[in-house]
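Reproduced below: my_file_16.tsv, with TSV, C-alpha atoms and all ligand atoms.
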```tsv
chain	number	residue	atom	x	y	z
A	15	MET	CA	-87.82	-15.39	-136.17
A	16	LEU	CA	-86.57	-13.07	-138.92
A	17	ILE	CA	-89.12	-13.55	-141.70
A	18	SER	CA	-92.66	-14.89	-141.65
A	19	ALA	CA	-94.36	-15.37	-145.00
A	20	VAL	CA	-98.15	-15.40	-144.86
A	21	LEU	CA	-99.96	-17.12	-147.72
A	22	PRO	CA	-103.75	-17.26	-147.91
A	23	CYS	CA	-104.82	-20.27	-149.99
A	24	TYR	CA	-108.23	-21.14	-151.29
A	25	ASN	CA	-108.51	-24.12	-153.62
A	26	GLU	CA	-104.90	-23.89	-154.74
A	27	GLU	CA	-103.92	-27.57	-154.89
A	28	LYS	CA	-102.74	-27.15	-158.50
A	29	VAL	CA	-100.22	-24.43	-157.75
A	30	ILE	CA	-99.32	-24.61	-154.06
A	31	LYS	CA	-96.49	-27.09	-154.54
A	32	LEU	CA	-94.80	-24.81	-157.06
A	33	THR	CA	-95.25	-21.86	-154.73
A	34	TYR	CA	-93.84	-23.79	-151.81
A	35	ASN	CA	-90.77	-24.83	-153.82
A	36	GLU	CA	-89.99	-21.35	-155.10
A	37	LEU	CA	-90.66	-19.70	-151.80
A	38	SER	CA	-88.51	-22.07	-149.76
A	39	LYS	CA	-85.74	-21.66	-152.31
A	40	ALA	CA	-85.94	-17.88	-152.05
A	41	LEU	CA	-86.20	-17.80	-148.25
A	42	SER	CA	-83.54	-20.38	-147.47
A	43	GLY	CA	-81.22	-18.38	-149.74
A	44	ILE	CA	-81.62	-15.46	-147.34
A	45	THR	CA	-81.72	-17.03	-143.90
A	46	ASP	CA	-82.64	-20.17	-142.04
A	47	ASP	CA	-84.65	-18.16	-139.57
A	48	TYR	CA	-87.97	-18.09	-141.39
A	49	GLU	CA	-91.45	-19.59	-141.32
A	50	MET	CA	-94.11	-20.03	-143.98
A	51	ILE	CA	-97.65	-19.69	-142.70
A	52	PHE	CA	-100.18	-21.23	-145.04
A	53	VAL	CA	-103.71	-20.18	-144.23
A	54	ASP	CA	-106.14	-22.62	-145.77
A	55	ASP	CA	-109.30	-20.61	-146.25
A	56	GLY	CA	-111.71	-23.55	-146.18
A	57	SER	CA	-110.51	-25.06	-149.46
A	58	ARG	CA	-112.72	-27.73	-150.93
A	59	ASP	CA	-109.94	-29.44	-152.87
A	60	GLY	CA	-106.79	-31.13	-151.60
A	61	THR	CA	-104.99	-27.92	-150.62
A	62	LEU	CA	-104.87	-28.74	-146.92
A	63	ASP	CA	-103.52	-32.26	-147.51
A	64	VAL	CA	-100.73	-30.86	-149.67
A	65	ILE	CA	-99.88	-28.29	-146.99
A	66	LYS	CA	-99.83	-30.99	-144.31
A	67	GLU	CA	-97.42	-32.92	-146.44
A	68	PHE	CA	-95.07	-29.91	-146.55
A	69	SER	CA	-95.30	-29.51	-142.81
A	70	ALA	CA	-94.50	-33.18	-142.19
A	71	ASN	CA	-91.21	-32.77	-144.05
A	72	ASP	CA	-90.29	-29.19	-143.31
A	73	SER	CA	-90.27	-27.56	-139.88
A	74	HIS	CA	-90.49	-24.12	-141.48
A	75	VAL	CA	-94.08	-24.79	-142.48
A	76	ARG	CA	-96.95	-23.68	-140.30
A	77	TYR	CA	-100.57	-23.88	-141.24
A	78	ILE	CA	-103.97	-22.77	-140.08
A	79	SER	CA	-107.10	-24.22	-141.57
A	80	PHE	CA	-110.49	-22.50	-141.39
A	81	SER	CA	-113.75	-24.33	-140.82
A	82	ARG	CA	-115.12	-22.83	-144.05
A	83	ASN	CA	-114.27	-20.17	-146.63
A	84	PHE	CA	-114.06	-16.82	-144.84
A	85	GLY	CA	-112.43	-14.77	-147.59
A	86	LYS	CA	-108.91	-13.58	-148.27
A	87	GLU	CA	-109.13	-10.67	-145.84
A	88	SER	CA	-109.83	-13.03	-142.94
A	89	ALA	CA	-107.12	-15.40	-144.10
A	90	MET	CA	-104.57	-12.61	-144.16
A	91	LEU	CA	-105.65	-11.43	-140.73
A	92	ALA	CA	-105.21	-14.92	-139.27
A	93	GLY	CA	-101.78	-15.25	-140.85
A	94	MET	CA	-100.70	-11.88	-139.49
A	95	ARG	CA	-101.96	-12.73	-136.00
A	96	PHE	CA	-100.01	-15.97	-135.97
A	97	SER	CA	-96.89	-14.44	-137.47
A	98	SER	CA	-93.96	-14.23	-135.10
A	99	GLY	CA	-91.43	-12.78	-137.52
A	100	LYS	CA	-89.57	-9.54	-137.18
A	101	PHE	CA	-90.67	-8.99	-140.75
A	102	THR	CA	-93.87	-10.37	-142.21
A	103	VAL	CA	-94.35	-10.84	-145.93
A	104	ILE	CA	-97.91	-11.15	-147.21
A	105	MET	CA	-98.24	-12.81	-150.58
A	106	ASP	CA	-100.65	-14.74	-152.80
A	107	SER	CA	-100.16	-18.46	-153.09
A	108	ASP	CA	-100.46	-18.58	-156.89
A	109	LEU	CA	-96.94	-17.28	-157.66
A	110	GLN	CA	-98.26	-13.97	-158.95
A	111	HIS	CA	-96.13	-12.44	-156.25
A	112	PRO	CA	-92.55	-13.47	-157.08
A	113	PRO	CA	-90.71	-14.80	-153.98
A	114	GLU	CA	-87.38	-13.58	-155.43
A	115	LEU	CA	-88.43	-10.09	-154.41
A	116	ILE	CA	-88.27	-10.92	-150.71
A	117	GLY	CA	-84.49	-10.50	-150.59
A	118	GLU	CA	-84.73	-6.95	-151.90
A	119	MET	CA	-87.64	-6.24	-149.57
A	120	LEU	CA	-85.62	-7.38	-146.59
A	121	ILE	CA	-82.75	-5.04	-147.48
A	122	TYR	CA	-85.13	-2.09	-147.29
A	123	GLY	CA	-86.81	-3.54	-144.21
A	124	LEU	CA	-83.46	-3.69	-142.43
A	125	GLU	CA	-82.75	-0.13	-143.55
A	126	GLY	CA	-85.73	0.91	-141.46
A	127	TYR	CA	-88.66	0.99	-143.86
A	128	ASP	CA	-91.78	-0.29	-142.09
A	129	GLN	CA	-93.70	-1.15	-145.22
A	130	VAL	CA	-91.88	-2.37	-148.30
A	131	ILE	CA	-94.52	-2.52	-151.00
A	132	ALA	CA	-94.27	-4.36	-154.29
A	133	GLN	CA	-95.97	-2.60	-157.15
A	134	ARG	CA	-96.75	-4.54	-160.29
A	135	ASP	CA	-96.97	-3.13	-163.77
A	136	ARG	CA	-99.81	-4.23	-165.98
A	137	THR	CA	-97.99	-6.26	-168.64
A	138	GLY	CA	-100.15	-9.07	-169.92
A	139	ASP	CA	-103.34	-7.83	-168.30
A	140	ARG	CA	-106.47	-7.79	-170.36
A	141	LYS	CA	-106.91	-4.29	-171.81
A	142	LEU	CA	-110.48	-3.86	-170.64
A	143	GLY	CA	-109.70	-5.15	-167.16
A	144	SER	CA	-106.80	-2.78	-166.65
A	145	PHE	CA	-108.87	0.12	-167.99
A	146	PHE	CA	-111.56	-0.58	-165.39
A	147	ALA	CA	-108.99	-1.04	-162.66
A	148	LYS	CA	-107.28	2.25	-163.45
A	149	THR	CA	-110.56	4.14	-163.55
A	150	TYR	CA	-111.62	2.51	-160.31
A	151	TYR	CA	-108.45	3.59	-158.54
A	152	LYS	CA	-108.89	7.15	-159.77
A	153	ILE	CA	-112.46	7.28	-158.47
A	154	VAL	CA	-111.71	5.63	-155.14
A	155	ASP	CA	-108.68	7.80	-154.62
A	156	ARG	CA	-110.84	10.87	-155.08
A	157	LEU	CA	-113.66	9.52	-152.90
A	158	THR	CA	-111.79	8.19	-149.91
A	159	ASP	CA	-109.54	9.63	-147.28
A	160	VAL	CA	-106.82	7.07	-147.78
A	161	GLU	CA	-104.46	6.92	-150.70
A	162	LEU	CA	-104.75	3.96	-153.05
A	163	THR	CA	-102.42	3.38	-155.96
A	164	ASP	CA	-102.89	1.27	-159.04
A	165	GLY	CA	-100.82	-1.90	-159.09
A	166	ILE	CA	-100.29	-1.92	-155.36
A	167	GLY	CA	-101.92	-4.86	-153.68
A	168	ASP	CA	-101.37	-6.96	-150.64
A	169	PHE	CA	-97.86	-8.08	-151.59
A	170	ARG	CA	-95.63	-6.34	-149.09
A	171	MET	CA	-93.25	-6.72	-146.18
A	172	LEU	CA	-94.30	-5.29	-142.85
A	173	SER	CA	-92.10	-4.52	-139.90
A	174	ARG	CA	-93.24	-5.68	-136.47
A	175	LYS	CA	-94.28	-2.10	-135.71
A	176	ALA	CA	-96.47	-1.87	-138.81
A	177	LEU	CA	-97.92	-5.33	-138.26
A	178	ASP	CA	-98.84	-4.62	-134.65
A	179	SER	CA	-100.55	-1.41	-135.70
A	180	LEU	CA	-102.56	-3.30	-138.29
A	181	LEU	CA	-103.61	-5.82	-135.70
A	182	THR	CA	-105.00	-3.12	-133.43
A	183	MET	CA	-107.72	-2.59	-136.03
A	184	ASN	CA	-110.34	-5.17	-135.37
A	185	GLU	CA	-113.10	-4.10	-137.69
A	186	TYR	CA	-115.26	-6.78	-139.17
A	187	ASN	CA	-115.37	-5.34	-142.68
A	188	ARG	CA	-111.72	-5.32	-143.53
A	189	PHE	CA	-110.43	-3.57	-146.60
A	190	SER	CA	-106.71	-4.20	-146.37
A	191	LYS	CA	-105.62	-1.92	-149.16
A	192	GLY	CA	-107.12	0.92	-147.16
A	193	LEU	CA	-105.86	-0.30	-143.78
A	194	PHE	CA	-102.28	-0.59	-145.04
A	195	SER	CA	-102.38	2.95	-146.25
A	196	TRP	CA	-104.21	4.21	-143.16
A	197	ILE	CA	-101.52	3.11	-140.68
A	198	GLY	CA	-98.88	5.19	-142.46
A	199	PHE	CA	-95.18	4.65	-141.49
A	200	LYS	CA	-92.15	4.86	-143.70
A	201	GLU	CA	-92.90	3.23	-147.03
A	202	LYS	CA	-90.71	2.03	-149.85
A	203	ILE	CA	-92.18	0.98	-153.17
A	204	ILE	CA	-90.36	-1.45	-155.41
A	205	SER	CA	-91.76	-2.54	-158.73
A	206	TYR	CA	-91.92	-5.88	-160.48
A	207	LYS	CA	-93.14	-7.24	-163.75
A	208	ASN	CA	-96.68	-8.53	-163.68
A	209	ARG	CA	-97.06	-12.30	-163.72
A	210	SER	CA	-100.03	-14.42	-164.46
A	211	ARG	CA	-100.99	-17.13	-162.03
A	212	ALA	CA	-98.84	-20.26	-162.40
A	213	ALA	CA	-101.77	-22.71	-162.35
A	214	GLY	CA	-105.36	-22.98	-161.17
A	215	GLU	CA	-107.80	-20.15	-161.61
A	216	SER	CA	-108.64	-16.77	-160.14
A	217	LYS	CA	-111.30	-16.68	-157.43
A	218	TRP	CA	-112.58	-13.31	-158.56
A	219	SER	CA	-115.75	-13.00	-160.55
A	220	PHE	CA	-117.01	-9.73	-161.95
A	221	ALA	CA	-119.67	-9.59	-159.23
A	222	SER	CA	-117.14	-10.06	-156.44
A	223	LEU	CA	-114.98	-7.31	-157.91
A	224	VAL	CA	-117.93	-4.93	-157.91
A	225	ARG	CA	-118.69	-5.85	-154.30
A	226	TYR	CA	-115.05	-5.30	-153.37
A	227	GLY	CA	-115.15	-1.96	-155.15
A	228	ILE	CA	-118.15	-0.80	-153.14
A	229	ASP	CA	-116.44	-2.00	-149.95
A	230	GLY	CA	-113.44	0.10	-150.79
A	231	ILE	CA	-115.49	3.22	-151.18
A	232	LEU	CA	-117.66	2.68	-148.11
A	233	SER	CA	-115.13	1.41	-145.59
A	234	PHE	CA	-113.03	4.48	-145.55
A	235	ASN	CA	-115.25	7.48	-145.43
A	236	ASN	CA	-118.67	8.97	-145.15
A	237	LYS	CA	-118.57	11.01	-148.33
A	238	PRO	CA	-121.42	9.00	-149.88
A	239	LEU	CA	-123.58	10.09	-146.95
A	240	ARG	CA	-122.57	13.64	-147.62
A	241	PHE	CA	-123.59	13.10	-151.21
A	242	CYS	CA	-127.12	12.36	-149.94
A	243	ILE	CA	-127.17	15.60	-148.00
A	244	PHE	CA	-125.99	17.61	-151.00
A	245	THR	CA	-128.44	16.12	-153.48
A	246	GLY	CA	-131.17	16.62	-150.89
A	247	ALA	CA	-130.20	20.26	-150.44
A	248	ILE	CA	-130.01	20.92	-154.17
A	249	ALA	CA	-133.41	19.26	-154.66
A	250	ILE	CA	-134.94	21.45	-151.96
A	251	ILE	CA	-133.53	24.64	-153.48
A	252	VAL	CA	-134.62	23.75	-157.01
A	253	SER	CA	-138.12	22.78	-155.93
A	254	LEU	CA	-138.51	25.97	-153.88
A	255	LEU	CA	-137.51	28.04	-156.91
A	256	TYR	CA	-139.97	26.11	-159.03
A	257	LEU	CA	-142.68	26.65	-156.43
A	258	VAL	CA	-142.10	30.41	-156.51
A	259	PHE	CA	-142.17	30.29	-160.30
A	260	LEU	CA	-145.53	28.46	-160.25
A	261	LEU	CA	-146.93	30.78	-157.62
A	262	ILE	CA	-146.10	33.86	-159.68
A	263	GLY	CA	-147.76	32.18	-162.67
A	264	ILE	CA	-150.91	31.54	-160.62
A	265	ILE	CA	-151.03	35.12	-159.34
A	266	PHE	CA	-150.76	36.64	-162.79
A	267	LYS	CA	-152.43	34.10	-165.06
A	268	GLY	CA	-154.67	32.13	-162.71
A	269	ILE	CA	-154.59	28.37	-162.20
A	270	ASP	CA	-154.12	26.29	-165.33
A	271	LEU	CA	-154.51	22.59	-164.82
A	272	PRO	CA	-152.24	20.76	-167.29
A	273	GLY	CA	-149.17	19.59	-165.39
A	274	TYR	CA	-148.98	15.90	-166.12
A	275	PHE	CA	-145.35	15.96	-167.28
A	276	THR	CA	-143.99	18.00	-164.40
A	277	THR	CA	-145.88	15.90	-161.85
A	278	ILE	CA	-144.67	12.55	-163.15
A	279	PHE	CA	-141.18	13.92	-163.69
A	280	THR	CA	-140.92	15.20	-160.13
A	281	ILE	CA	-142.32	12.06	-158.58
A	282	SER	CA	-139.99	9.75	-160.44
A	283	LEU	CA	-136.90	11.95	-160.03
A	284	PHE	CA	-137.34	12.33	-156.31
A	285	GLY	CA	-138.40	8.72	-155.93
A	286	GLY	CA	-135.09	7.79	-157.51
A	287	VAL	CA	-133.03	10.19	-155.42
A	288	GLN	CA	-134.70	8.96	-152.23
A	289	LEU	CA	-134.22	5.29	-152.97
A	290	PHE	CA	-130.60	5.88	-153.89
A	291	SER	CA	-129.96	7.78	-150.66
A	292	ILE	CA	-131.74	5.18	-148.56
A	293	GLY	CA	-129.59	2.57	-150.27
A	294	ILE	CA	-126.42	4.40	-149.27
A	295	ILE	CA	-127.61	4.81	-145.69
A	296	GLY	CA	-128.65	1.15	-145.70
A	297	GLU	CA	-125.14	0.11	-146.71
A	298	TYR	CA	-123.73	1.89	-143.68
A	299	VAL	CA	-126.43	0.55	-141.37
A	300	GLY	CA	-125.69	-2.96	-142.63
A	301	ARG	CA	-122.01	-2.49	-141.87
A	302	ILE	CA	-122.80	-1.19	-138.41
A	303	TYR	CA	-125.00	-4.25	-137.88
A	304	TYR	CA	-122.10	-6.56	-138.66
A	305	GLU	CA	-119.65	-4.54	-136.61
A	306	VAL	CA	-121.78	-4.52	-133.46
A	307	LYS	CA	-122.28	-8.28	-133.54
A	308	ARG	CA	-118.53	-8.59	-132.98
A	309	ARG	CA	-118.37	-12.01	-134.53
A	310	PRO	CA	-114.91	-13.47	-135.05
A	311	HIS	CA	-113.37	-12.98	-138.49
A	312	TYR	CA	-112.78	-16.69	-138.89
A	313	ILE	CA	-112.97	-20.00	-137.10
A	314	VAL	CA	-109.95	-22.26	-137.02
A	315	SER	CA	-110.62	-25.95	-137.41
A	316	GLU	CA	-107.02	-27.12	-137.16
A	317	ASP	CA	-103.48	-25.78	-137.11
A	318	ASN	CA	-99.97	-26.84	-136.22
A	319	PHE	CA	-99.09	-24.02	-133.85
A	320	ASP	CA	-98.57	-25.63	-130.45
A	321	ASN	CA	-98.71	-22.68	-128.14
A	322	ALA	CA	-100.79	-20.08	-129.88
A	323	GLY	CA	-103.19	-18.40	-127.47
A	324	SER	CA	-106.84	-19.22	-127.94
A	325	SER	CA	-107.56	-15.59	-128.78
A	326	LEU	CA	-105.57	-16.06	-131.98
A	327	LYS	CA	-107.67	-18.98	-133.00
A	328	ARG	CA	-110.75	-16.90	-133.37
A	401	LIG	N1	-107.92	-16.41	-151.60
A	401	LIG	C1	-108.34	-16.77	-150.31
A	401	LIG	N2	-109.67	-16.81	-150.04
A	401	LIG	C2	-110.62	-16.52	-150.97
A	401	LIG	C3	-110.19	-16.14	-152.27
A	401	LIG	C4	-108.83	-16.08	-152.54
A	401	LIG	O1	-107.52	-17.02	-149.44
A	401	LIG	O2	-111.80	-16.60	-150.67
A	401	LIG	C5	-106.47	-16.36	-151.90
A	401	LIG	C6	-106.05	-17.18	-153.10
A	401	LIG	O3	-105.78	-18.51	-152.74
A	401	LIG	C7	-104.80	-16.47	-153.55
A	401	LIG	C8	-105.09	-15.02	-153.21
A	401	LIG	O4	-106.15	-15.03	-152.25
A	401	LIG	O5	-103.64	-16.87	-152.84
A	401	LIG	C9	-105.48	-14.21	-154.42
A	401	LIG	O6	-106.55	-14.85	-155.08
A	401	LIG	P1	-106.65	-14.93	-156.66
A	401	LIG	O7	-105.35	-15.36	-157.25
A	401	LIG	O8	-107.83	-15.75	-156.98
A	401	LIG	O9	-106.94	-13.42	-157.02
A	401	LIG	P2	-106.31	-12.58	-158.23
A	401	LIG	O10	-104.83	-12.81	-158.20
A	401	LIG	O11	-106.93	-13.11	-159.46
A	401	LIG	O12	-106.68	-11.17	-157.91
A	402	MG	MG	-103.90	-14.49	-158.26
```
Once more with this new file: its structure as structure tokens, please.
Ligand code: UDP
Ligand code: MG
Amino acid sequence: MLISAVLPCYNEEKVIKLTYNELSKALSGITDDYEMIFVDDGSRDGTLDVIKEFSANDSHVRYISFSRNFGKESAMLAGMRFSSGKFTVIMDSDLQHPPELIGEMLIYGLEGYDQVIAQRDRTGDRKLGSFFAKTYYKIVDRLTDVELTDGIGDFRMLSRKALDSLLTMNEYNRFSKGLFSWIGFKEKIISYKNRSRAAGESKWSFASLVRYGIDGILSFNNKPLRFCIFTGAIAIIVSLLYLVFLLIGIIFKGIDLPGYFTTIFTISLFGGVQLFSIGIIGEYVGRIYYEVKRRPHYIVSEDNFDNAGSSLKR
């Protein structure tokens, strides 16, 4: 198998047919030795039926269907595990990732690049959205140990070597953007013009973006924990200085009672700092809790792979 394309799909019945058509056109123009792996992430609409229809008429089509919605990260993981290609392309199923790019990606892949990454520009994005995204990337880049770049997402071609390295990481909380960058290897970035989704709607709400943002910061480092230590240390130093200051006042002027403002101020400030720090620690503890349970990332309800090992199906 030369190329495996992995497409996570969640409620994409409106667009999946278009994607299938364009993708098969692009791939069959390159080689006949390809497969398309559709991962149905527990769609509630007719997505799976449409995919089954493709597979009935086209032997290049493989599919995996989850028992419920497990999220795009899990869907990508399943697709990568099932992929048998020498090169694996990961792409969205809403045509925001143009299939025409695969040819160019393959050229670089054959040249020896292990990750060929497609970077989109931000044409047509909402101004406010792209402002937030850019700021987010700047902050995350500063906060984490891995490098993240604006406009670079999951759309990329991975060599077998890169894919196998990704699959050695079995963490429950997966943050692919970070994992891709963490494994390293020779990278080539090619750029393409941003596209809006061909039909259907985005699954991202503002709340889920914020959650994803926090994931990104927490999955790749322990700097937030260090932040707790630093604020704690600064608070101790400042309060010691203040204590000395008060003590000197008492020695020279005697005890004067009024101190309502300072008392309330100190209690609320430190109450805030403590809650914030406990929150950060709690986030890590929660992640540890999920990691130690070692639950599978997804559960497959059906698929059309005949001889996939049962370990893949979890
Ligand atoms: N997706 C998925 N599971 C989910 C949410 C999304 O597999 O729980 C898929 C979705 O079908 C699409 C891709 O992830 O192929 C990107 O989703 P979407 O287009 O909604 O995100 P956006 O492009 O707006 O960032
Ligand atoms: Mg999209």
Mind giving me the straight-line distance from atom CA of A:Leu257 to atom CA of A:Thr276 in Å, one decimal? 11.8 Å
Please write out the residues within 10 Å of ligand LIG 401 (chain A) as a ChimeraX atom specification, counting all atoms listed in the file. /A:20-27,29-30,33,52-57,61,82-90,104-111,167-168,209-219,223
Nearby residues (only C-alpha atoms) at most 9 Å from stretch 311-320 of chain A, same-chain spacing under 2 positions excluded, as a list in words: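 Non-adjacent residues within range: Ser69, Val75, Arg76, Tyr77, Ile78, Ser79, Phe80, Ser81, Arg82, Asn83, Phe84, Gly85, Glu87, Ser88, Ala89, Leu91, Ala92, Phe96, Asn184, Glu185, Tyr186, Asn187, Arg308, Arg309, Ala322, Lys327 and Arg328 of chain A.
Atom CA of A:Leu180 to atom CA of A:Ser73 spans 27.2 Å [interatomic distance, one decimal].
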Which residues are close to A:Ser18, i.e. within 6 Å by all atoms listed in the file, leaving aside same-chain residues fewer than 6 positions away? Reply as a ChimeraX atom specification. /A:48-50,97,99,102
Could you take the residues named above and write them with C-alpha atoms, as an mmCIF file, keeping the file's coordinate frame?
```
data_model
loop_
_atom_site.group_PDB
_atom_site.id
_atom_site.type_symbol
_atom_site.label_atom_id
_atom_site.label_comp_id
_atom_site.auth_asym_id
_atom_site.auth_seq_id
_atom_site.Cartn_x
_atom_site.Cartn_y
_atom_site.Cartn_z
ATOM 1 C CA TYR A 48 -87.970 -18.090 -141.390
ATOM 2 C CA GLU A 49 -91.450 -19.590 -141.320
ATOM 3 C CA MET A 50 -94.110 -20.030 -143.980
ATOM 4 C CA SER A 97 -96.890 -14.440 -137.470
ATOM 5 C CA GLY A 99 -91.430 -12.780 -137.520
ATOM 6 C CA THR A 102 -93.870 -10.370 -142.210
#
```
Rounded to one decimal, what separation in Å do you get between atom CA of A:Ile116 and atom CA of A:Leu162?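 Pair atom CA of A:Ile116 / atom CA of A:Leu162 returns 22.3 Å.
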Check the smallest atom-to-atom distance from each of A:Val252, A:Ile264, A:Ile243, A:Ile281 to A:Ile295 using only C-alpha atoms, then report the winner.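 Answer, going by the shortest atom-to-atom distance: A:Ile243.
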Restricting the calculation to only C-alpha atoms and all ligand atoms, which member of A:Met183, A:Asn208, A:Ile278, A:Gly296 is positioned closest to ligand MG 402 (chain A)? A:Asn208
A:Thr137, A:Ser291, A:Thr45, A:Thr163: which is nearest A:Thr149, counting only C-alpha atoms?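 Looking only at the distances to A:Thr149, the closest residue turns out to be A:Thr163.
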Pick from A:Phe244, A:Tyr256, A:Phe101, A:Phe284: nearest to A:Asp178, with all atoms listed in the file counted?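 Nearest candidate to A:Asp178 out of A:Phe244, A:Tyr256, A:Phe101, A:Phe284: A:Phe101.
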If we draw a sphere of 12 Å around (-112.2, 13.2, -154.2), which residues have at least one atom in it when counting all atoms listed in the file? Please report them as a list of chain:residue names.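 The requested residues, written out, are A:Tyr151, A:Lys152, A:Ile153, A:Val154, A:Asp155, A:Arg156, A:Leu157, A:Thr158, A:Asp159, A:Val160, A:Glu161, A:Leu162, A:Ile231, A:Asn235, A:Asn236, A:Lys237, A:Pro238, A:Phe241.
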What's the 6 Å shell around stretch 125-130 of chain A, counting only C-alpha atoms, without same-chain residues fewer than 3 positions away, as an mmCIF file with C-alpha atoms, keeping the file's coordinate frame?
```cif
data_model
loop_
_atom_site.group_PDB
_atom_site.id
_atom_site.type_symbol
_atom_site.label_atom_id
_atom_site.label_comp_id
_atom_site.auth_asym_id
_atom_site.auth_seq_id
_atom_site.Cartn_x
_atom_site.Cartn_y
_atom_site.Cartn_z
ATOM 1 C CA MET A 119 -87.640 -6.240 -149.570
ATOM 2 C CA TYR A 122 -85.130 -2.090 -147.290
ATOM 3 C CA ARG A 170 -95.630 -6.340 -149.090
ATOM 4 C CA MET A 171 -93.250 -6.720 -146.180
ATOM 5 C CA LEU A 172 -94.300 -5.290 -142.850
ATOM 6 C CA SER A 173 -92.100 -4.520 -139.900
ATOM 7 C CA ALA A 176 -96.470 -1.870 -138.810
ATOM 8 C CA LYS A 200 -92.150 4.860 -143.700
ATOM 9 C CA GLU A 201 -92.900 3.230 -147.030
ATOM 10 C CA LYS A 202 -90.710 2.030 -149.850
ATOM 11 C CA ILE A 203 -92.180 0.980 -153.170
#
```
Nearest candidate to ligand MG 402 (chain A) (options A:Leu181, A:Val258, A:Phe169, A:Gly117; using only C-alpha atoms and all ligand atoms):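 That would be A:Phe169, the residue with the smallest distance to ligand MG 402 (chain A).
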Axis-aligned box over every listed atom of stretch 121-133 of chain A, padded by 5 Å per side: centre and edges in Å to one decimal, as JSON?
```
{"center_x": -89.4, "center_y": -2.0, "center_z": -149.3, "size_x": 23.2, "size_y": 16.0, "size_z": 25.7}
```
